[in-house]
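Heads up, input_20.cif below (mmCIF, C-alpha atoms; chains and numbers go by the auth columns):
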```cif
data_entry
#
loop_
_atom_site.group_PDB
_atom_site.id
_atom_site.type_symbol
_atom_site.label_atom_id
_atom_site.label_comp_id
_atom_site.label_asym_id
_atom_site.label_seq_id
_atom_site.Cartn_x
_atom_site.Cartn_y
_atom_site.Cartn_z
_atom_site.B_iso_or_equiv
_atom_site.auth_seq_id
_atom_site.auth_asym_id
ATOM 1 C CA MET A 1 113.432 55.225 131.367 0.00 9 H
ATOM 2 C CA LYS A 2 116.538 57.266 130.646 0.00 10 H
ATOM 3 C CA GLN A 3 115.994 56.622 126.911 0.00 11 H
ATOM 4 C CA GLN A 4 112.397 57.848 127.212 0.00 12 H
ATOM 5 C CA THR A 5 113.575 61.010 128.930 0.00 13 H
ATOM 6 C CA LYS A 6 116.146 61.617 126.198 0.00 14 H
ATOM 7 C CA LEU A 7 113.524 61.066 123.514 0.00 15 H
ATOM 8 C CA SER A 8 111.199 63.428 125.266 0.00 16 H
ATOM 9 C CA GLU A 9 113.953 66.055 125.453 0.00 17 H
ATOM 10 C CA GLU A 10 114.661 65.653 121.763 0.00 18 H
ATOM 11 C CA GLN A 11 110.977 65.991 120.970 0.00 19 H
ATOM 12 C CA GLN A 12 110.779 69.109 123.100 0.00 20 H
ATOM 13 C CA GLN A 13 113.801 70.567 121.351 0.00 21 H
ATOM 14 C CA GLN A 14 112.288 69.798 117.952 0.00 22 H
ATOM 15 C CA GLN A 15 109.002 71.326 118.994 0.00 23 H
ATOM 16 C CA HIS A 16 110.783 74.381 120.335 0.00 24 H
ATOM 17 C CA ALA A 17 112.780 74.703 117.109 0.00 25 H
ATOM 18 C CA ALA A 18 109.595 74.359 115.065 0.00 26 H
ATOM 19 C CA GLU A 19 107.868 77.035 117.144 0.00 27 H
ATOM 20 C CA GLN A 20 110.827 79.356 116.750 0.00 28 H
ATOM 21 C CA GLN A 21 110.815 78.746 113.012 0.00 29 H
ATOM 22 C CA THR A 22 107.086 79.556 112.844 0.00 30 H
ATOM 23 C CA GLN A 23 107.644 82.730 114.843 0.00 31 H
ATOM 24 C CA LYS A 24 110.509 83.715 112.562 0.00 32 H
ATOM 25 C CA GLN A 25 108.359 83.068 109.490 0.00 33 H
ATOM 26 C CA SER A 26 105.463 85.152 110.778 0.00 34 H
ATOM 27 C CA ALA A 27 107.864 87.908 111.817 0.00 35 H
ATOM 28 C CA ARG A 28 109.398 87.842 108.348 0.00 36 H
ATOM 29 C CA GLU A 29 106.021 87.755 106.665 0.00 37 H
ATOM 30 C CA PHE A 30 105.601 91.524 106.912 0.00 38 H
ATOM 31 C CA ALA A 31 108.913 93.272 107.325 0.00 39 H
ATOM 32 C CA ASN A 32 107.260 96.670 106.967 0.00 40 H
ATOM 33 C CA ALA A 33 103.974 98.407 106.213 0.00 41 H
ATOM 34 C CA GLU A 34 104.406 98.205 102.435 0.00 42 H
ATOM 35 C CA GLU A 35 104.806 94.433 102.518 0.00 43 H
ATOM 36 C CA MET A 36 101.593 94.157 104.484 0.00 44 H
ATOM 37 C CA LEU A 37 99.805 96.447 102.049 0.00 45 H
ATOM 38 C CA ARG A 38 101.148 94.436 99.108 0.00 46 H
ATOM 39 C CA TYR A 39 99.778 91.250 100.645 0.00 47 H
ATOM 40 C CA ASP A 40 96.449 92.938 101.304 0.00 48 H
ATOM 41 C CA ALA A 41 96.314 94.280 97.746 0.00 49 H
ATOM 42 C CA ALA A 42 97.095 90.856 96.303 0.00 50 H
ATOM 43 C CA HIS A 43 94.080 89.465 98.186 0.00 51 H
ATOM 44 C CA THR A 44 91.729 92.188 97.063 0.00 52 H
ATOM 45 C CA THR A 45 89.465 91.385 94.154 0.00 53 H
ATOM 46 C CA VAL A 46 88.424 94.076 91.731 0.00 54 H
ATOM 47 C CA PRO A 47 84.613 93.912 91.514 0.00 55 H
ATOM 48 C CA PRO A 48 83.682 92.645 88.015 0.00 56 H
ATOM 49 C CA ASP A 49 80.877 95.218 87.919 0.00 57 H
ATOM 50 C CA ILE A 50 83.429 97.966 87.250 0.00 58 H
ATOM 51 C CA ALA A 51 84.396 96.474 83.880 0.00 59 H
ATOM 52 C CA ARG A 52 80.712 95.971 82.983 0.00 60 H
ATOM 53 C CA ARG A 53 79.883 99.556 83.923 0.00 61 H
ATOM 54 C CA LEU A 54 82.874 100.854 81.982 0.00 62 H
ATOM 55 C CA GLN A 55 81.807 98.921 78.929 0.00 63 H
ATOM 56 C CA LYS A 56 78.386 100.590 79.095 0.00 64 H
ATOM 57 C CA SER A 57 79.861 104.008 79.819 0.00 65 H
ATOM 58 C CA THR A 58 82.317 103.958 76.913 0.00 66 H
ATOM 59 C CA VAL A 59 80.189 102.247 74.271 0.00 67 H
ATOM 60 C CA ASP A 60 78.739 105.526 72.955 0.00 68 H
ATOM 61 C CA LEU A 61 81.857 107.602 73.451 0.00 69 H
ATOM 62 C CA PRO A 62 84.157 108.324 70.527 0.00 70 H
ATOM 63 C CA GLY A 63 87.445 106.510 70.872 0.00 71 H
ATOM 64 C CA PRO A 64 90.766 108.350 71.116 0.00 72 H
ATOM 65 C CA LYS A 65 91.486 110.430 68.017 0.00 73 H
ATOM 66 C CA THR A 66 94.954 109.013 67.645 0.00 74 H
ATOM 67 C CA ALA A 67 96.102 105.510 68.268 0.00 75 H
ATOM 68 C CA TRP A 68 97.829 106.492 71.484 0.00 76 H
ATOM 69 C CA TRP A 69 99.221 103.068 72.117 0.00 77 H
ATOM 70 C CA ARG A 70 101.083 103.240 68.802 0.00 78 H
ATOM 71 C CA ARG A 71 102.559 106.563 69.899 0.00 79 H
ATOM 72 C CA LEU A 72 103.752 104.820 72.997 0.00 80 H
ATOM 73 C CA PHE A 73 105.041 101.613 71.559 0.00 81 H
ATOM 74 C CA GLY A 74 106.091 102.788 68.118 0.00 82 H
ATOM 75 C CA GLY A 75 104.587 102.185 64.678 0.00 83 H
ATOM 76 C CA THR A 76 102.421 104.457 62.528 0.00 84 H
ATOM 77 C CA ASN A 77 99.096 106.034 63.422 0.00 85 H
ATOM 78 C CA GLN A 78 96.052 104.837 61.617 0.00 86 H
ATOM 79 C CA MET B 1 85.332 97.928 76.321 0.00 6 I
ATOM 80 C CA ALA B 2 85.827 100.220 73.357 0.00 7 I
ATOM 81 C CA SER B 3 89.127 98.688 72.325 0.00 8 I
ATOM 82 C CA ALA B 4 91.364 95.780 73.104 0.00 9 I
ATOM 83 C CA GLU B 5 94.070 98.260 74.124 0.00 10 I
ATOM 84 C CA PHE B 6 91.875 99.984 76.674 0.00 11 I
ATOM 85 C CA SER B 7 90.817 96.585 77.931 0.00 12 I
ATOM 86 C CA SER B 8 94.456 95.686 78.384 0.00 13 I
ATOM 87 C CA LEU B 9 95.121 98.999 80.170 0.00 14 I
ATOM 88 C CA TYR B 10 92.265 98.197 82.527 0.00 15 I
ATOM 89 C CA ALA B 11 93.400 94.614 83.122 0.00 16 I
ATOM 90 C CA GLU B 12 96.938 95.702 83.998 0.00 17 I
ATOM 91 C CA ASN B 13 96.041 98.582 86.272 0.00 18 I
ATOM 92 C CA SER B 14 92.579 98.090 87.733 0.00 19 I
ATOM 93 C CA ARG B 15 93.749 96.244 90.842 0.00 20 I
ATOM 94 C CA ALA B 16 96.270 98.967 91.716 0.00 21 I
ATOM 95 C CA ILE B 17 93.726 101.747 91.201 0.00 22 I
ATOM 96 C CA PHE B 18 90.918 99.923 92.997 0.00 23 I
ATOM 97 C CA TYR B 19 93.174 99.106 95.950 0.00 24 I
ATOM 98 C CA LEU B 20 94.344 102.710 96.262 0.00 25 I
ATOM 99 C CA ALA B 21 90.722 103.917 96.162 0.00 26 I
ATOM 100 C CA LEU B 22 89.596 101.222 98.602 0.00 27 I
ATOM 101 C CA ARG B 23 92.188 102.022 101.241 0.00 28 I
ATOM 102 C CA PHE B 24 92.160 105.754 100.607 0.00 29 I
ATOM 103 C CA LEU B 25 88.373 106.097 100.753 0.00 30 I
ATOM 104 C CA GLY B 26 87.743 103.228 103.207 0.00 31 I
ATOM 105 C CA ASP B 27 84.535 102.131 101.496 0.00 32 I
ATOM 106 C CA PRO B 28 84.334 99.322 98.884 0.00 33 I
ATOM 107 C CA GLN B 29 81.252 100.742 97.125 0.00 34 I
ATOM 108 C CA LYS B 30 82.773 104.195 96.856 0.00 35 I
ATOM 109 C CA ALA B 31 86.060 102.627 95.718 0.00 36 I
ATOM 110 C CA GLU B 32 84.161 100.779 92.985 0.00 37 I
ATOM 111 C CA ASP B 33 82.513 103.997 91.810 0.00 38 I
ATOM 112 C CA ALA B 34 85.822 105.857 91.993 0.00 39 I
ATOM 113 C CA THR B 35 87.653 103.187 89.966 0.00 40 I
ATOM 114 C CA HIS B 36 84.950 103.339 87.300 0.00 41 I
ATOM 115 C CA ASP B 37 85.180 107.130 87.174 0.00 42 I
ATOM 116 C CA VAL B 38 88.991 107.117 87.037 0.00 43 I
ATOM 117 C CA PHE B 39 89.091 104.745 84.056 0.00 44 I
ATOM 118 C CA LEU B 40 86.285 106.647 82.338 0.00 45 I
ATOM 119 C CA LYS B 41 88.303 109.850 82.733 0.00 46 I
ATOM 120 C CA ALA B 42 91.363 108.016 81.425 0.00 47 I
ATOM 121 C CA PHE B 43 89.399 106.819 78.390 0.00 48 I
ATOM 122 C CA ARG B 44 88.260 110.346 77.632 0.00 49 I
ATOM 123 C CA LYS B 45 91.717 111.837 78.135 0.00 50 I
ATOM 124 C CA LEU B 46 93.837 109.215 76.421 0.00 51 I
ATOM 125 C CA ASP B 47 94.689 111.726 73.699 0.00 52 I
ATOM 126 C CA GLN B 48 96.175 114.023 76.325 0.00 53 I
ATOM 127 C CA PHE B 49 98.538 111.361 77.619 0.00 54 I
ATOM 128 C CA ARG B 50 101.928 112.492 76.400 0.00 55 I
ATOM 129 C CA GLY B 51 103.935 109.499 77.446 0.00 56 I
ATOM 130 C CA GLU B 52 106.169 111.558 79.765 0.00 57 I
ATOM 131 C CA ALA B 53 105.119 109.402 82.707 0.00 58 I
ATOM 132 C CA SER B 54 104.207 105.736 82.770 0.00 59 I
ATOM 133 C CA LEU B 55 100.568 104.867 82.206 0.00 60 I
ATOM 134 C CA ARG B 56 100.398 103.555 85.779 0.00 61 I
ATOM 135 C CA THR B 57 101.665 106.896 87.126 0.00 62 I
ATOM 136 C CA TRP B 58 99.249 108.808 84.921 0.00 63 I
ATOM 137 C CA LEU B 59 96.323 106.707 86.168 0.00 64 I
ATOM 138 C CA TYR B 60 97.456 107.160 89.772 0.00 65 I
ATOM 139 C CA ARG B 61 97.480 110.917 89.293 0.00 66 I
ATOM 140 C CA ILE B 62 93.879 110.854 88.062 0.00 67 I
ATOM 141 C CA ALA B 63 92.905 108.518 90.920 0.00 68 I
ATOM 142 C CA ILE B 64 94.612 110.596 93.626 0.00 69 I
ATOM 143 C CA ASN B 65 92.936 113.808 92.438 0.00 70 I
ATOM 144 C CA HIS B 66 89.573 112.050 92.218 0.00 71 I
ATOM 145 C CA CYS B 67 89.816 110.458 95.677 0.00 72 I
ATOM 146 C CA GLN B 68 91.114 113.631 97.306 0.00 73 I
ATOM 147 C CA ASN B 69 88.198 115.594 95.820 0.00 74 I
ATOM 148 C CA LEU B 70 85.750 112.978 97.102 0.00 75 I
ATOM 149 C CA ARG B 71 87.242 113.039 100.596 0.00 76 I
ATOM 150 C CA GLN B 72 87.212 116.823 100.639 0.00 77 I
ATOM 151 C CA GLY B 73 83.551 116.759 99.615 0.00 78 I
ATOM 152 C CA TRP B 74 82.690 114.308 102.423 0.00 79 I
ATOM 153 C CA HIS B 75 84.649 116.365 104.885 0.00 80 I
ATOM 154 C CA ASP B 76 82.746 119.475 103.864 0.00 81 I
ATOM 155 C CA ARG B 77 79.415 117.639 104.152 0.00 82 I
ATOM 156 C CA HIS B 78 80.447 115.615 107.247 0.00 83 I
ATOM 157 C CA VAL B 79 79.708 112.320 105.437 0.00 84 I
ATOM 158 C CA PHE B 80 81.412 109.218 106.834 0.00 85 I
ATOM 159 C CA SER B 81 81.872 105.756 105.399 0.00 86 I
ATOM 160 C CA ASN B 82 79.341 103.149 106.493 0.00 87 I
ATOM 161 C CA ALA B 83 80.290 100.018 104.566 0.00 88 I
ATOM 162 C CA ASP B 84 78.766 96.810 105.928 0.00 89 I
ATOM 163 C CA ASP B 85 80.497 93.438 106.268 0.00 90 I
ATOM 164 C CA ALA B 86 78.914 91.928 103.155 0.00 91 I
ATOM 165 C CA VAL B 87 80.395 94.629 100.971 0.00 92 I
ATOM 166 C CA TRP B 88 83.840 94.094 102.500 0.00 93 I
ATOM 167 C CA GLU B 89 83.626 90.336 101.971 0.00 94 I
ATOM 168 C CA ASN B 90 82.782 90.876 98.299 0.00 95 I
ATOM 169 C CA ALA B 91 85.925 92.949 97.922 0.00 96 I
ATOM 170 C CA MET B 92 88.064 89.957 98.908 0.00 97 I
ATOM 171 C CA ALA B 93 89.334 87.145 96.721 0.00 98 I
ATOM 172 C CA GLY B 94 86.670 84.506 96.136 0.00 99 I
ATOM 173 C CA THR B 95 89.043 81.550 95.937 0.00 100 I
ATOM 174 C CA ASP B 96 90.233 81.577 99.559 0.00 101 I
ATOM 175 C CA SER B 97 88.958 79.182 102.201 0.00 102 I
ATOM 176 C CA PRO B 98 86.548 80.589 104.844 0.00 103 I
ATOM 177 C CA LEU B 99 89.342 80.636 107.435 0.00 104 I
ATOM 178 C CA ARG B 100 91.690 82.373 105.071 0.00 105 I
ATOM 179 C CA VAL B 101 88.987 84.861 104.138 0.00 106 I
ATOM 180 C CA LEU B 102 88.426 85.576 107.829 0.00 107 I
ATOM 181 C CA GLU B 103 92.153 86.137 108.379 0.00 108 I
ATOM 182 C CA ILE B 104 92.423 88.393 105.353 0.00 109 I
ATOM 183 C CA LYS B 105 89.231 90.229 106.299 0.00 110 I
ATOM 184 C CA GLU B 106 90.540 90.842 109.810 0.00 111 I
ATOM 185 C CA LEU B 107 93.890 91.988 108.468 0.00 112 I
ATOM 186 C CA GLY B 108 92.149 94.253 105.970 0.00 113 I
ATOM 187 C CA GLN B 109 90.041 95.822 108.704 0.00 114 I
ATOM 188 C CA ARG B 110 93.113 96.421 110.869 0.00 115 I
ATOM 189 C CA ILE B 111 94.991 97.916 107.935 0.00 116 I
ATOM 190 C CA GLN B 112 92.039 100.176 107.168 0.00 117 I
ATOM 191 C CA LYS B 113 91.771 101.301 110.778 0.00 118 I
ATOM 192 C CA THR B 114 95.515 101.962 110.874 0.00 119 I
ATOM 193 C CA LEU B 115 95.527 103.904 107.609 0.00 120 I
ATOM 194 C CA GLU B 116 92.621 106.024 108.813 0.00 121 I
ATOM 195 C CA GLY B 117 94.701 107.018 111.831 0.00 122 I
ATOM 196 C CA LEU B 118 97.569 108.238 109.652 0.00 123 I
ATOM 197 C CA PRO B 119 97.920 111.727 108.241 0.00 124 I
ATOM 198 C CA ASP B 120 96.724 111.776 104.580 0.00 125 I
ATOM 199 C CA GLU B 121 100.279 112.364 103.416 0.00 126 I
ATOM 200 C CA TYR B 122 101.621 109.199 105.092 0.00 127 I
ATOM 201 C CA ARG B 123 98.650 107.105 103.995 0.00 128 I
ATOM 202 C CA LEU B 124 99.117 108.048 100.355 0.00 129 I
ATOM 203 C CA LEU B 125 102.869 107.607 100.556 0.00 130 I
ATOM 204 C CA LEU B 126 102.629 104.070 101.946 0.00 131 I
ATOM 205 C CA LEU B 127 99.982 103.039 99.427 0.00 132 I
ATOM 206 C CA LEU B 128 102.106 104.291 96.531 0.00 133 I
ATOM 207 C CA VAL B 129 105.406 102.863 97.795 0.00 134 I
ATOM 208 C CA ALA B 130 103.650 99.512 98.255 0.00 135 I
ATOM 209 C CA ASP B 131 103.245 99.381 94.467 0.00 136 I
ATOM 210 C CA GLU B 132 106.469 97.755 93.336 0.00 137 I
ATOM 211 C CA GLU B 133 106.033 99.141 89.839 0.00 138 I
ATOM 212 C CA LEU B 134 106.655 102.673 91.102 0.00 139 I
ATOM 213 C CA SER B 135 110.130 104.039 91.773 0.00 140 I
ATOM 214 C CA TYR B 136 110.830 106.589 94.528 0.00 141 I
ATOM 215 C CA GLU B 137 111.149 109.174 91.754 0.00 142 I
ATOM 216 C CA GLN B 138 107.676 108.333 90.463 0.00 143 I
ATOM 217 C CA VAL B 139 106.183 108.327 93.962 0.00 144 I
ATOM 218 C CA GLY B 140 107.883 111.670 94.584 0.00 145 I
ATOM 219 C CA ALA B 141 106.398 113.116 91.402 0.00 146 I
ATOM 220 C CA LEU B 142 102.930 111.956 92.470 0.00 147 I
ATOM 221 C CA VAL B 143 103.120 113.442 95.955 0.00 148 I
ATOM 222 C CA GLY B 144 105.102 116.555 94.967 0.00 149 I
ATOM 223 C CA GLN B 145 108.256 115.615 96.885 0.00 150 I
ATOM 224 C CA SER B 146 111.850 114.820 96.007 0.00 151 I
ATOM 225 C CA PRO B 147 112.906 111.148 96.130 0.00 152 I
ATOM 226 C CA ASP B 148 115.014 111.930 99.224 0.00 153 I
ATOM 227 C CA ALA B 149 112.041 113.530 100.965 0.00 154 I
ATOM 228 C CA VAL B 150 109.983 110.439 100.065 0.00 155 I
ATOM 229 C CA ARG B 151 112.585 108.186 101.715 0.00 156 I
ATOM 230 C CA GLY B 152 112.661 110.333 104.855 0.00 157 I
ATOM 231 C CA LYS B 153 108.895 110.540 105.171 0.00 158 I
ATOM 232 C CA LEU B 154 108.538 106.861 104.390 0.00 159 I
ATOM 233 C CA HIS B 155 110.666 106.024 107.413 0.00 160 I
ATOM 234 C CA ARG B 156 108.375 108.078 109.669 0.00 161 I
ATOM 235 C CA ALA B 157 105.254 106.751 107.963 0.00 162 I
ATOM 236 C CA ARG B 158 106.393 103.144 108.573 0.00 163 I
ATOM 237 C CA LYS B 159 107.029 103.836 112.254 0.00 164 I
ATOM 238 C CA THR B 160 103.683 105.551 112.717 0.00 165 I
ATOM 239 C CA PHE B 161 101.902 102.752 110.834 0.00 166 I
ATOM 240 C CA ALA B 162 103.568 100.067 112.978 0.00 167 I
ATOM 241 C CA ALA B 163 102.680 101.859 116.210 0.00 168 I
ATOM 242 C CA LEU B 164 99.051 102.367 115.183 0.00 169 I
ATOM 243 C CA PHE B 165 98.726 98.843 113.796 0.00 170 I
ATOM 244 C CA LYS B 166 99.714 97.357 117.162 0.00 171 I
ATOM 245 C CA LYS B 167 96.879 99.261 118.797 0.00 172 I
ATOM 246 C CA THR B 168 94.323 97.653 116.472 0.00 173 I
ATOM 247 C CA ALA B 169 95.050 94.135 117.835 0.00 174 I
#
```
Encoded form using C-alpha cells:
Amino acid sequence: MKQQTKLSEEQQQQQHAAEQQTQKQSAREFANAEEMLRYDAAHTTVPPDIARRLQKSTVDLPGPKTAWWRRLFGGTNQ
Amino acid sequence: MASAEFSSLYAENSRAIFYLALRFLGDPQKAEDATHDVFLKAFRKLDQFRGEASLRTWLYRIAINHCQNLRQGWHDRHVFSNADDAVWENAMAGTDSPLRVLEIKELGQRIQKTLEGLPDEYRLLLLLVADEELSYEQVGALVGQSPDAVRGKLHRARKTFAALFKKTA
C-alpha cells in the first residue's frame, strides 16, 4: 500500500514536471510580438494566382534595359 | 515570368511582401492584388534600382507606399475590409492538418485584430522587425527613423501588442 502511494506520488511529480515543461515551452514559443508574427508569416501561403497574374501582366512589357542583376552581382552587361 | 532573374526575385521575396500586405491591409484578396501590383511596379522600375539598398528593402518601400495609399483611399471613401472565412483559409498553408489549420487560423485572426488596434506606426514597425533579413538600420530607413528610435518604439510597440493581444482571447 505504501509502495502504491509512493508510486502514485512519483507519477504525480512526473506529471507535474511534464505540465510545467509544456507550460515553459508554450511560454517560450513566442517571446515577443515579432516571434509570433514570424510564426504566422511562416504559415501563410502566397496565393499561386499572383505569379500567374504577374506572368500575364509582364509578358508584353519590355524587360529591363540593362541587366540589373549583373550590375548587382558583377559581370558585364549584355 | 519575363526572366529567370525576376522569377527568382519573386520567389525570394513574395512571402515577405504578401505577408506585409496581408497584415497591413487585413484582407487576403486585397493583399493578393497589392502583391501583384508591387511586383509589377518592381518589374517596371528595375532599371531605377541603384543597389544602394537591398532588393528586399527596395521592394518593402514600394509595398509600404502602395499599401499606405490603399488604406488612405479606403479611409477617404469609408471602405472597410470584409474578407470571409474561405478567403482566410486559402491564405494559410495547405499542408497542415485541420486542427493545425484551425489553430493557425485562430492565431492569425487574433494577430490581425491586435494589429488593427495598434497605431499604424507600431503595426508597420513590428511587421518589418519581424523580418529577420532586415537590420534595425534598414527598418529605420523604411520608417524614417534612426535605429535608436526604432529600438525605443519597438519596446513600446511590443508592450502595446501584448496588452491588446491578451484582450483578443
Answer key for the PyMOL selection byres ((chain I and resi 11-20) around 8), residues as a PyMOL selection string:
(chain H and resi 49+52-54) or (chain I and resi 6-10+21-24+40+44+48+61)
Interatomic distance between atom CA of Glu142 of chain I and atom CA of Arg128 of chain I?
17.6 Å
Which residues of chain I sit at most 8 Å from chain H, using only C-alpha atoms? Give each one's shortest atom pair and distance in Å (one decimal place), in chain and ascending residue order, as a Markdown table.
```
| residue | atom | partner | partner_atom | distance |
| --- | --- | --- | --- | --- |
| I:Met6 | CA | H:Gln63 | CA | 4.5 |
| I:Ala7 | CA | H:Val67 | CA | 6.1 |
| I:Glu10 | CA | H:Trp77 | CA | 7.3 |
| I:Ser19 | CA | H:Val54 | CA | 7.0 |
| I:Arg20 | CA | H:Val54 | CA | 5.8 |
| I:Ala21 | CA | H:Ala49 | CA | 7.6 |
| I:Phe23 | CA | H:Val54 | CA | 6.5 |
| I:Tyr24 | CA | H:Ala49 | CA | 6.0 |
| I:Glu37 | CA | H:Ile58 | CA | 6.4 |
| I:Asp38 | CA | H:Ile58 | CA | 7.6 |
| I:Thr40 | CA | H:Ile58 | CA | 7.2 |
| I:His41 | CA | H:Ile58 | CA | 5.6 |
| I:Phe44 | CA | H:Leu62 | CA | 7.6 |
| I:Leu45 | CA | H:Leu62 | CA | 6.7 |
| I:Phe48 | CA | H:Pro72 | CA | 7.6 |
| I:Arg49 | CA | H:Pro72 | CA | 7.3 |
| I:Lys50 | CA | H:Pro72 | CA | 7.9 |
| I:Leu51 | CA | H:Pro72 | CA | 6.2 |
| I:Asp52 | CA | H:Pro72 | CA | 5.8 |
| I:Phe54 | CA | H:Trp76 | CA | 7.9 |
| I:Gly56 | CA | H:Leu80 | CA | 6.5 |
| I:Asn95 | CA | H:Pro55 | CA | 7.7 |
| I:Ala96 | CA | H:Thr53 | CA | 5.4 |
| I:Met97 | CA | H:Thr52 | CA | 4.7 |
| I:Ala98 | CA | H:Thr53 | CA | 5.0 |
| I:Gly99 | CA | H:Thr53 | CA | 7.7 |
| I:Ile109 | CA | H:Asp48 | CA | 7.3 |
| I:Leu112 | CA | H:Asp48 | CA | 7.7 |
| I:Gly113 | CA | H:Asp48 | CA | 6.5 |
| I:Ile116 | CA | H:Leu45 | CA | 7.7 |
| I:Leu131 | CA | H:Glu42 | CA | 6.1 |
| I:Leu132 | CA | H:Leu45 | CA | 7.1 |
| I:Val134 | CA | H:Glu42 | CA | 6.7 |
| I:Ala135 | CA | H:Glu42 | CA | 4.4 |
| I:Asp136 | CA | H:Arg46 | CA | 7.1 |
| I:Arg163 | CA | H:Ala41 | CA | 5.8 |
| I:Phe166 | CA | H:Ala41 | CA | 6.7 |
| I:Ala167 | CA | H:Ala41 | CA | 7.0 |
```
Restrict the selected residues to C-alpha atoms and save them as an mmCIF file, in the coordinates of the input.
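Output saved as out.cif:
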```cif
data_model
loop_
_atom_site.group_PDB
_atom_site.id
_atom_site.type_symbol
_atom_site.label_atom_id
_atom_site.label_comp_id
_atom_site.auth_asym_id
_atom_site.auth_seq_id
_atom_site.Cartn_x
_atom_site.Cartn_y
_atom_site.Cartn_z
ATOM 1 C CA MET I 6 85.332 97.928 76.321
ATOM 2 C CA ALA I 7 85.827 100.220 73.357
ATOM 3 C CA GLU I 10 94.070 98.260 74.124
ATOM 4 C CA SER I 19 92.579 98.090 87.733
ATOM 5 C CA ARG I 20 93.749 96.244 90.842
ATOM 6 C CA ALA I 21 96.270 98.967 91.716
ATOM 7 C CA PHE I 23 90.918 99.923 92.997
ATOM 8 C CA TYR I 24 93.174 99.106 95.950
ATOM 9 C CA GLU I 37 84.161 100.779 92.985
ATOM 10 C CA ASP I 38 82.513 103.997 91.810
ATOM 11 C CA THR I 40 87.653 103.187 89.966
ATOM 12 C CA HIS I 41 84.950 103.339 87.300
ATOM 13 C CA PHE I 44 89.091 104.745 84.056
ATOM 14 C CA LEU I 45 86.285 106.647 82.338
ATOM 15 C CA PHE I 48 89.399 106.819 78.390
ATOM 16 C CA ARG I 49 88.260 110.346 77.632
ATOM 17 C CA LYS I 50 91.717 111.837 78.135
ATOM 18 C CA LEU I 51 93.837 109.215 76.421
ATOM 19 C CA ASP I 52 94.689 111.726 73.699
ATOM 20 C CA PHE I 54 98.538 111.361 77.619
ATOM 21 C CA GLY I 56 103.935 109.499 77.446
ATOM 22 C CA ASN I 95 82.782 90.876 98.299
ATOM 23 C CA ALA I 96 85.925 92.949 97.922
ATOM 24 C CA MET I 97 88.064 89.957 98.908
ATOM 25 C CA ALA I 98 89.334 87.145 96.721
ATOM 26 C CA GLY I 99 86.670 84.506 96.136
ATOM 27 C CA ILE I 109 92.423 88.393 105.353
ATOM 28 C CA LEU I 112 93.890 91.988 108.468
ATOM 29 C CA GLY I 113 92.149 94.253 105.970
ATOM 30 C CA ILE I 116 94.991 97.916 107.935
ATOM 31 C CA LEU I 131 102.629 104.070 101.946
ATOM 32 C CA LEU I 132 99.982 103.039 99.427
ATOM 33 C CA VAL I 134 105.406 102.863 97.795
ATOM 34 C CA ALA I 135 103.650 99.512 98.255
ATOM 35 C CA ASP I 136 103.245 99.381 94.467
ATOM 36 C CA ARG I 163 106.393 103.144 108.573
ATOM 37 C CA PHE I 166 101.902 102.752 110.834
ATOM 38 C CA ALA I 167 103.568 100.067 112.978
#
```
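Comparing I:Leu129, I:Leu120, I:Leu147, I:Pro33 by their smallest distance to Arg66 of chain I, the closest is I:Leu147 (using only C-alpha atoms).
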One decimal place gives the atom CA of Arg161 of chain I-atom CA of Tyr127 of chain I separation as 8.2 Å
Got a sec to resolve the PyMOL selection byres ((chain I and resi 158) around 12) on this structure and send the residues as a PyMOL selection string?
chain I and resi 124+126-131+134+141+144-145+148+150-157+159-166
Have a look at atom CA of Tyr65 of chain I and atom CA of Gly31 of chain I and let me know their distance in Å, one decimal.
17.0 Å
